[in-house]
Amino acid sequence: MGNCLKCFQSSSAAPTLPTTSSPAPNNANSSSCQAATNLVNCYDIVGPNSNERCAIYDRPRETDELLSNRTSLNKPANNCDTKRNSFKSLGLLNGSAPTMSEIITTAVKESMEVSHQTLNKLFDVYKDPDDEDMILTDGIERLCNDLNYQPDEFAILVLAWCLDASQMCRFTKTEFIDGLHKMRADTIASIRLRLEQTIEMLKVDAEMFKQLYRFTFRFGLEPDQRVLSLEMAIDLWKLVFTVQTPDLFSNWVNFLEKHPNIRRIPKDTWNMYLNFTEQCDIENYDDTEAWPSLFDDFVEYEKNRKLDVPAVHRDDDNNNDDPLQSHVKSGVS
């Protein structure tokens with residue numbers, strides 16, 4: 001986000017996202033075809049091409065390794081819908097999810113081809129007058145306006161992900177042209193169409209959403225930084241969970257905001273929070289498992305809040321310096 005926080009701060013009202021609808025099928029023979037066409041009419045998921053596999057998306061292993069031997073919680077809480085566990089993933093092959101590059105590059109089958117000349121002309125419309133290889137804040141705001149989105153809407157985060165943008169409030173010429181070429185979009189109308197289609201896929205594909213979620217942490221980092229400020233992390237959590245809001249998410253944000261000694265969110269805490277939201281069982285939470293201690297504090301805070309007893313936040317390193325050391329506990333709470 002750099003110094004341009006305004007571009008991606010969450011607005012007070014959640015944006016209205018486009019949805020698709022499907023007419024009722026005329027006969028039984030066409031029902032399955034109609035259902036498939038409803039969501040991914042232009043996205044035909046095929047097997048990923050190993051030669052085109054994209055290495056730019058960070059797939060951190062540390063979180064998955066920590067969770068690989070975990071046992072699931074005993075019983076979901078009442079009314080706790082483990083939404084992402086029940087999603088039907090689109091395009092999962094051999095148990096692994098395609099990256100955004102694979103989805104865009106190998107999954108979109110269109111007769112229409114885009115030319116670099118057309119994409120260069122589109123880039124020139126928004127490029128910065130003082131840096132001709134960049135689209136900066138003013139250009140991004142004009143692009144958002146032409147797309148009929150606000151800069152802080154979920155769709156613009158999705159666009160940044162599709163372009164594999166390395167920094168907030170900036171698209172390089174390479175990111176813009178190569179990203180749109182993979183999206184098969186070279187006009188404002190086709191960019192918006194691709195974004196709408198991608199958002200619909202994110203609603204039902206848990207692994208695809210996980211790729212976006214992990215990208216969001218990297219996207220929000222300041223240059224040469226490895227952790228997010230708490231303010232930035234809260235803004236990005238609100239943004240990335242626009243389409244699917246986890247249970248107890250407002251309680252989580254309230255907990256963070258009420259503890260000013262929590263100042264930073266490391267990568268492991270960010271990644272594991274998505275797994276934590278899938279469990280979402282306060283009553284059966286096991287604090288001896290490999291969760292960051294911040295989650296222990298949140299669960300304790302929630303239990304005490306229900307009993308109207310003020311929760312005491314523990315400092316991980318006992319020096320009130322950084323309460324967010326995302327270590328694996330040794331079984332002692």
# chains A, B, ... in the order shown; residues from 1 in each chain; ligands from 1

call {"tool": "residues_around", "arguments": {"residues": "A:Tyr285", "least_positions_apart": "2", "cutoff": "8 Å", "atoms": "only C-alpha atoms", "output": "list in words"}}
result
Leu73, Asp281, Ile282, Glu283, Asp287 and Val299 of chain A

call {"tool": "write_last_selection", "arguments": {"atoms": "N, CA, C and O atoms", "output": "mmCIF file, in the first residue's frame"}}
result
data_model
loop_
_atom_site.group_PDB
_atom_site.id
_atom_site.type_symbol
_atom_site.label_atom_id
_atom_site.label_comp_id
_atom_site.auth_asym_id
_atom_site.auth_seq_id
_atom_site.Cartn_x
_atom_site.Cartn_y
_atom_site.Cartn_z
ATOM 1 N N LEU A 73 -11.203 -30.262 15.266
ATOM 2 C CA LEU A 73 -11.872 -30.066 16.528
ATOM 3 C C LEU A 73 -13.018 -31.067 16.668
ATOM 4 O O LEU A 73 -13.568 -31.574 15.685
ATOM 5 N N ASP A 281 -14.821 -22.655 16.317
ATOM 6 C CA ASP A 281 -15.484 -23.302 17.439
ATOM 7 C C ASP A 281 -14.826 -22.837 18.732
ATOM 8 O O ASP A 281 -13.807 -23.388 19.160
ATOM 9 N N ILE A 282 -15.383 -21.816 19.334
ATOM 10 C CA ILE A 282 -14.817 -21.249 20.545
ATOM 11 C C ILE A 282 -14.895 -22.239 21.711
ATOM 12 O O ILE A 282 -13.939 -22.412 22.474
ATOM 13 N N GLU A 283 -16.014 -22.907 21.848
ATOM 14 C CA GLU A 283 -16.232 -23.761 23.015
ATOM 15 C C GLU A 283 -15.301 -24.961 23.033
ATOM 16 O O GLU A 283 -14.867 -25.399 24.095
ATOM 17 N N ASP A 287 -6.198 -25.169 23.052
ATOM 18 C CA ASP A 287 -5.057 -24.257 23.034
ATOM 19 C C ASP A 287 -3.718 -24.981 23.100
ATOM 20 O O ASP A 287 -2.666 -24.338 23.131
ATOM 21 N N VAL A 299 -9.671 -16.406 22.001
ATOM 22 C CA VAL A 299 -10.661 -17.349 22.517
ATOM 23 C C VAL A 299 -10.921 -17.067 23.996
ATOM 24 O O VAL A 299 -12.071 -17.060 24.451
#

call {"tool": "residues_around", "arguments": {"residues": "stretch 177-185 of chain A", "least_positions_apart": "4", "cutoff": "7 Å", "atoms": "only C-alpha atoms", "output": "PyMOL selection string"}}
result
chain A and resi 104-105+113-114+119-120+162-163+173+190-191+194

call {"tool": "atom_distance", "arguments": {"atom1": "atom CA of A:Leu159", "atom2": "atom CA of A:Gln244"}}
result
17.6 Å

call {"tool": "residues_around", "arguments": {"residues": "A:Asp146", "least_positions_apart": "5", "cutoff": "12 Å", "atoms": "only C-alpha atoms", "output": "list in words"}}
result
Leu122, Val125, Tyr126, Gly139, Ile140, Glu141, Pro151, Thr187, Ile188, Ala189, Ile191 and Arg192 of chain A

call {"tool": "write_last_selection", "arguments": {"atoms": "all heavy atoms", "output": "mmCIF file, in the first residue's frame"}}
result
data_model
loop_
_atom_site.group_PDB
_atom_site.id
_atom_site.type_symbol
_atom_site.label_atom_id
_atom_site.label_comp_id
_atom_site.auth_asym_id
_atom_site.auth_seq_id
_atom_site.Cartn_x
_atom_site.Cartn_y
_atom_site.Cartn_z
ATOM 1 N N LEU A 122 -3.909 0.868 -24.262
ATOM 2 C CA LEU A 122 -4.700 0.978 -23.041
ATOM 3 C C LEU A 122 -3.824 1.414 -21.867
ATOM 4 O O LEU A 122 -4.240 2.245 -21.050
ATOM 5 C CB LEU A 122 -5.363 -0.368 -22.733
ATOM 6 C CG LEU A 122 -6.348 -0.387 -21.561
ATOM 7 C CD1 LEU A 122 -7.530 0.546 -21.826
ATOM 8 C CD2 LEU A 122 -6.850 -1.812 -21.295
ATOM 9 N N VAL A 125 -3.188 5.149 -21.703
ATOM 10 C CA VAL A 125 -4.287 5.986 -21.217
ATOM 11 C C VAL A 125 -4.115 6.311 -19.739
ATOM 12 O O VAL A 125 -4.468 7.401 -19.279
ATOM 13 C CB VAL A 125 -5.637 5.282 -21.458
ATOM 14 C CG1 VAL A 125 -6.789 6.064 -20.820
ATOM 15 C CG2 VAL A 125 -5.885 5.088 -22.956
ATOM 16 N N TYR A 126 -3.531 5.382 -18.983
ATOM 17 C CA TYR A 126 -3.485 5.519 -17.530
ATOM 18 C C TYR A 126 -2.078 5.722 -16.965
ATOM 19 O O TYR A 126 -1.928 5.956 -15.760
ATOM 20 C CB TYR A 126 -4.109 4.279 -16.879
ATOM 21 C CG TYR A 126 -5.524 4.038 -17.318
ATOM 22 C CD1 TYR A 126 -5.840 3.023 -18.227
ATOM 23 C CD2 TYR A 126 -6.573 4.832 -16.845
ATOM 24 C CE1 TYR A 126 -7.142 2.815 -18.646
ATOM 25 C CE2 TYR A 126 -7.876 4.627 -17.261
ATOM 26 C CZ TYR A 126 -8.150 3.608 -18.156
ATOM 27 O OH TYR A 126 -9.447 3.405 -18.571
ATOM 28 N N GLY A 139 -3.597 7.401 -12.000
ATOM 29 C CA GLY A 139 -4.006 6.521 -13.090
ATOM 30 C C GLY A 139 -4.879 5.380 -12.615
ATOM 31 O O GLY A 139 -5.845 4.994 -13.287
ATOM 32 N N ILE A 140 -4.578 4.834 -11.433
ATOM 33 C CA ILE A 140 -5.397 3.751 -10.882
ATOM 34 C C ILE A 140 -6.793 4.259 -10.549
ATOM 35 O O ILE A 140 -7.795 3.576 -10.785
ATOM 36 C CB ILE A 140 -4.714 3.139 -9.647
ATOM 37 C CG1 ILE A 140 -3.466 2.358 -10.075
ATOM 38 C CG2 ILE A 140 -5.667 2.221 -8.889
ATOM 39 C CD1 ILE A 140 -2.662 1.786 -8.927
ATOM 40 N N GLU A 141 -6.872 5.468 -10.007
ATOM 41 C CA GLU A 141 -8.190 6.037 -9.694
ATOM 42 C C GLU A 141 -9.012 6.246 -10.961
ATOM 43 O O GLU A 141 -10.217 5.987 -10.972
ATOM 44 C CB GLU A 141 -8.012 7.356 -8.942
ATOM 45 C CG GLU A 141 -7.496 7.165 -7.513
ATOM 46 C CD GLU A 141 -7.325 8.478 -6.774
ATOM 47 O OE1 GLU A 141 -7.439 9.543 -7.424
ATOM 48 O OE2 GLU A 141 -7.083 8.444 -5.556
ATOM 49 N N PRO A 151 -11.828 2.517 -5.645
ATOM 50 C CA PRO A 151 -10.491 1.929 -5.450
ATOM 51 C C PRO A 151 -10.405 0.955 -4.278
ATOM 52 O O PRO A 151 -9.514 0.106 -4.262
ATOM 53 C CB PRO A 151 -9.601 3.157 -5.210
ATOM 54 C CG PRO A 151 -10.314 4.288 -5.868
ATOM 55 C CD PRO A 151 -11.777 4.000 -5.673
ATOM 56 N N THR A 187 -10.020 -4.365 -23.223
ATOM 57 C CA THR A 187 -10.906 -3.207 -23.165
ATOM 58 C C THR A 187 -11.453 -3.092 -21.747
ATOM 59 O O THR A 187 -11.411 -4.054 -20.967
ATOM 60 C CB THR A 187 -12.089 -3.340 -24.147
ATOM 61 O OG1 THR A 187 -12.918 -4.437 -23.730
ATOM 62 C CG2 THR A 187 -11.607 -3.558 -25.576
ATOM 63 N N ILE A 188 -11.995 -1.931 -21.427
ATOM 64 C CA ILE A 188 -12.594 -1.743 -20.108
ATOM 65 C C ILE A 188 -13.734 -2.729 -19.883
ATOM 66 O O ILE A 188 -13.853 -3.339 -18.813
ATOM 67 C CB ILE A 188 -13.082 -0.291 -19.949
ATOM 68 C CG1 ILE A 188 -11.889 0.677 -19.892
ATOM 69 C CG2 ILE A 188 -13.936 -0.146 -18.695
ATOM 70 C CD1 ILE A 188 -10.954 0.431 -18.729
ATOM 71 N N ALA A 189 -14.554 -2.920 -20.911
ATOM 72 C CA ALA A 189 -15.688 -3.839 -20.778
ATOM 73 C C ALA A 189 -15.226 -5.271 -20.532
ATOM 74 O O ALA A 189 -15.791 -5.986 -19.693
ATOM 75 C CB ALA A 189 -16.560 -3.770 -22.027
ATOM 76 N N ILE A 191 -12.316 -6.246 -19.255
ATOM 77 C CA ILE A 191 -11.687 -6.345 -17.930
ATOM 78 C C ILE A 191 -12.755 -6.525 -16.860
ATOM 79 O O ILE A 191 -12.639 -7.383 -15.981
ATOM 80 C CB ILE A 191 -10.837 -5.095 -17.632
ATOM 81 C CG1 ILE A 191 -9.641 -5.015 -18.581
ATOM 82 C CG2 ILE A 191 -10.343 -5.110 -16.181
ATOM 83 C CD1 ILE A 191 -8.860 -3.709 -18.478
ATOM 84 N N ARG A 192 -13.809 -5.713 -16.941
ATOM 85 C CA ARG A 192 -14.874 -5.821 -15.942
ATOM 86 C C ARG A 192 -15.550 -7.190 -16.005
ATOM 87 O O ARG A 192 -15.862 -7.787 -14.967
ATOM 88 C CB ARG A 192 -15.902 -4.706 -16.133
ATOM 89 C CG ARG A 192 -16.968 -4.725 -15.044
ATOM 90 C CD ARG A 192 -17.965 -3.600 -15.134
ATOM 91 N NE ARG A 192 -18.995 -3.801 -14.126
ATOM 92 C CZ ARG A 192 -19.003 -3.259 -12.912
ATOM 93 N NH1 ARG A 192 -18.012 -2.469 -12.549
ATOM 94 N NH2 ARG A 192 -19.967 -3.499 -12.057
#

call {"tool": "atom_distance", "arguments": {"atom1": "atom CA of A:Ile199", "atom2": "atom CA of A:Ala155"}}
result
7.3 Å

call {"tool": "select_by_dssp", "arguments": {"residues": "stretch 108-314 of chain A", "states": "strand (DSSP E or B)", "output": "list in words"}}
result
Val108, Asp128, Asp131, Met134, Ile135, Gln167, Arg170, Phe171, Thr172, Val227, Leu228, Ser229, Arg264, Ile265 and Pro266 of chain A

call {"tool": "write_last_selection", "arguments": {"atoms": "N, CA, C and O atoms", "output": "tab-separated table (two decimals), in the first residue's frame"}}
result
chain	number	residue	atom	x	y	z
A	108	VAL	N	-9.04	-20.13	-19.57
A	108	VAL	CA	-9.92	-19.28	-20.36
A	108	VAL	C	-9.74	-19.61	-21.83
A	108	VAL	O	-8.70	-19.36	-22.40
A	128	ASP	N	1.54	7.13	-15.78
A	128	ASP	CA	1.91	8.36	-15.09
A	128	ASP	C	2.74	9.25	-16.02
A	128	ASP	O	3.65	8.76	-16.69
A	131	ASP	N	6.42	9.05	-15.03
A	131	ASP	CA	7.05	7.73	-15.06
A	131	ASP	C	6.26	6.87	-16.04
A	131	ASP	O	5.24	6.27	-15.70
A	134	MET	N	4.89	3.20	-15.39
A	134	MET	CA	4.07	2.94	-14.21
A	134	MET	C	2.68	3.54	-14.36
A	134	MET	O	2.50	4.59	-14.98
A	135	ILE	N	1.71	2.86	-13.78
A	135	ILE	CA	0.41	3.46	-13.51
A	135	ILE	C	0.37	3.68	-12.01
A	135	ILE	O	0.42	2.72	-11.23
A	167	GLN	N	3.02	-4.25	-5.54
A	167	GLN	CA	2.93	-3.17	-4.56
A	167	GLN	C	1.60	-2.45	-4.73
A	167	GLN	O	1.08	-2.32	-5.85
A	170	ARG	N	0.17	0.87	-7.42
A	170	ARG	CA	1.12	0.89	-8.53
A	170	ARG	C	0.96	-0.36	-9.38
A	170	ARG	O	0.93	-1.46	-8.86
A	171	PHE	N	0.80	-0.16	-10.69
A	171	PHE	CA	0.90	-1.25	-11.65
A	171	PHE	C	2.05	-0.93	-12.59
A	171	PHE	O	2.06	0.14	-13.21
A	172	THR	N	3.02	-1.82	-12.69
A	172	THR	CA	4.07	-1.61	-13.67
A	172	THR	C	3.53	-1.94	-15.06
A	172	THR	O	2.49	-2.61	-15.20
A	227	VAL	N	6.25	-7.84	8.07
A	227	VAL	CA	5.02	-7.95	8.87
A	227	VAL	C	4.12	-6.78	8.51
A	227	VAL	O	4.58	-5.73	8.06
A	228	LEU	N	2.82	-6.99	8.71
A	228	LEU	CA	1.84	-5.92	8.49
A	228	LEU	C	1.59	-5.16	9.78
A	228	LEU	O	1.56	-5.76	10.87
A	229	SER	N	1.41	-3.86	9.66
A	229	SER	CA	0.93	-3.12	10.82
A	229	SER	C	-0.48	-3.60	11.13
A	229	SER	O	-1.20	-4.09	10.25
A	264	ARG	N	1.56	-5.60	15.38
A	264	ARG	CA	1.99	-6.18	14.11
A	264	ARG	C	1.37	-7.55	13.90
A	264	ARG	O	1.13	-8.29	14.87
A	265	ILE	N	1.15	-7.90	12.63
A	265	ILE	CA	0.63	-9.22	12.25
A	265	ILE	C	1.67	-9.88	11.34
A	265	ILE	O	1.88	-9.43	10.21
A	266	PRO	N	2.30	-10.96	11.80
A	266	PRO	CA	3.27	-11.66	10.95
A	266	PRO	C	2.57	-12.56	9.93
A	266	PRO	O	1.38	-12.84	10.03

call {"tool": "residues_around", "arguments": {"residues": "A:Val240", "least_positions_apart": "2", "cutoff": "12 Å", "atoms": "only C-alpha atoms", "output": "MDAnalysis selection string"}}
result
chainID A and resid 8:10 14 152:158 161 199 202:203 209:217 219:220 233:238 242:246 249 270 274

call {"tool": "closest_residue", "arguments": {"among": "A:Asp164, A:Gln225, A:Glu231, A:Leu147", "to": "A:Leu195", "atoms": "only C-alpha atoms"}}
result
A:Leu147

call {"tool": "atom_distance", "arguments": {"atom1": "atom CA of A:Leu136", "atom2": "atom CA of A:Leu239"}}
result
20.5 Å

call {"tool": "decode", "arguments": {"residues": "stretch 242-254 of chain A", "atoms": "N, CA and C atoms", "output": "mmCIF file, in the first residue's frame"}}
result
data_model
loop_
_atom_site.group_PDB
_atom_site.id
_atom_site.type_symbol
_atom_site.label_atom_id
_atom_site.label_comp_id
_atom_site.auth_asym_id
_atom_site.auth_seq_id
_atom_site.Cartn_x
_atom_site.Cartn_y
_atom_site.Cartn_z
ATOM 1 N N THR A 242 -14.726 -9.574 1.960
ATOM 2 C CA THR A 242 -15.925 -8.881 1.498
ATOM 3 C C THR A 242 -16.988 -9.862 1.014
ATOM 4 N N VAL A 243 -16.584 -10.844 0.230
ATOM 5 C CA VAL A 243 -17.531 -11.768 -0.391
ATOM 6 C C VAL A 243 -18.000 -12.833 0.596
ATOM 7 N N GLN A 244 -17.082 -13.368 1.388
ATOM 8 C CA GLN A 244 -17.413 -14.393 2.374
ATOM 9 C C GLN A 244 -16.862 -13.951 3.723
ATOM 10 N N THR A 245 -17.723 -13.521 4.620
ATOM 11 C CA THR A 245 -17.294 -13.042 5.927
ATOM 12 C C THR A 245 -17.342 -14.185 6.938
ATOM 13 N N PRO A 246 -16.218 -14.486 7.607
ATOM 14 C CA PRO A 246 -16.212 -15.606 8.569
ATOM 15 C C PRO A 246 -17.078 -15.308 9.787
ATOM 16 N N ASP A 247 -17.529 -16.374 10.429
ATOM 17 C CA ASP A 247 -18.200 -16.215 11.707
ATOM 18 C C ASP A 247 -17.217 -15.625 12.707
ATOM 19 N N LEU A 248 -17.718 -14.787 13.592
ATOM 20 C CA LEU A 248 -16.939 -14.141 14.650
ATOM 21 C C LEU A 248 -15.902 -13.152 14.120
ATOM 22 N N PHE A 249 -15.994 -12.797 12.832
ATOM 23 C CA PHE A 249 -14.998 -11.869 12.288
ATOM 24 C C PHE A 249 -15.084 -10.494 12.969
ATOM 25 N N SER A 250 -16.294 -10.004 13.182
ATOM 26 C CA SER A 250 -16.430 -8.703 13.856
ATOM 27 C C SER A 250 -15.892 -8.774 15.282
ATOM 28 N N ASN A 251 -16.063 -9.924 15.945
ATOM 29 C CA ASN A 251 -15.506 -10.098 17.287
ATOM 30 C C ASN A 251 -13.979 -10.076 17.251
ATOM 31 N N TRP A 252 -13.419 -10.685 16.218
ATOM 32 C CA TRP A 252 -11.960 -10.705 16.048
ATOM 33 C C TRP A 252 -11.415 -9.295 15.871
ATOM 34 N N VAL A 253 -12.047 -8.520 15.022
ATOM 35 C CA VAL A 253 -11.598 -7.147 14.787
ATOM 36 C C VAL A 253 -11.745 -6.329 16.065
ATOM 37 N N ASN A 254 -12.846 -6.514 16.762
ATOM 38 C CA ASN A 254 -13.067 -5.798 18.015
ATOM 39 C C ASN A 254 -11.988 -6.138 19.041
#
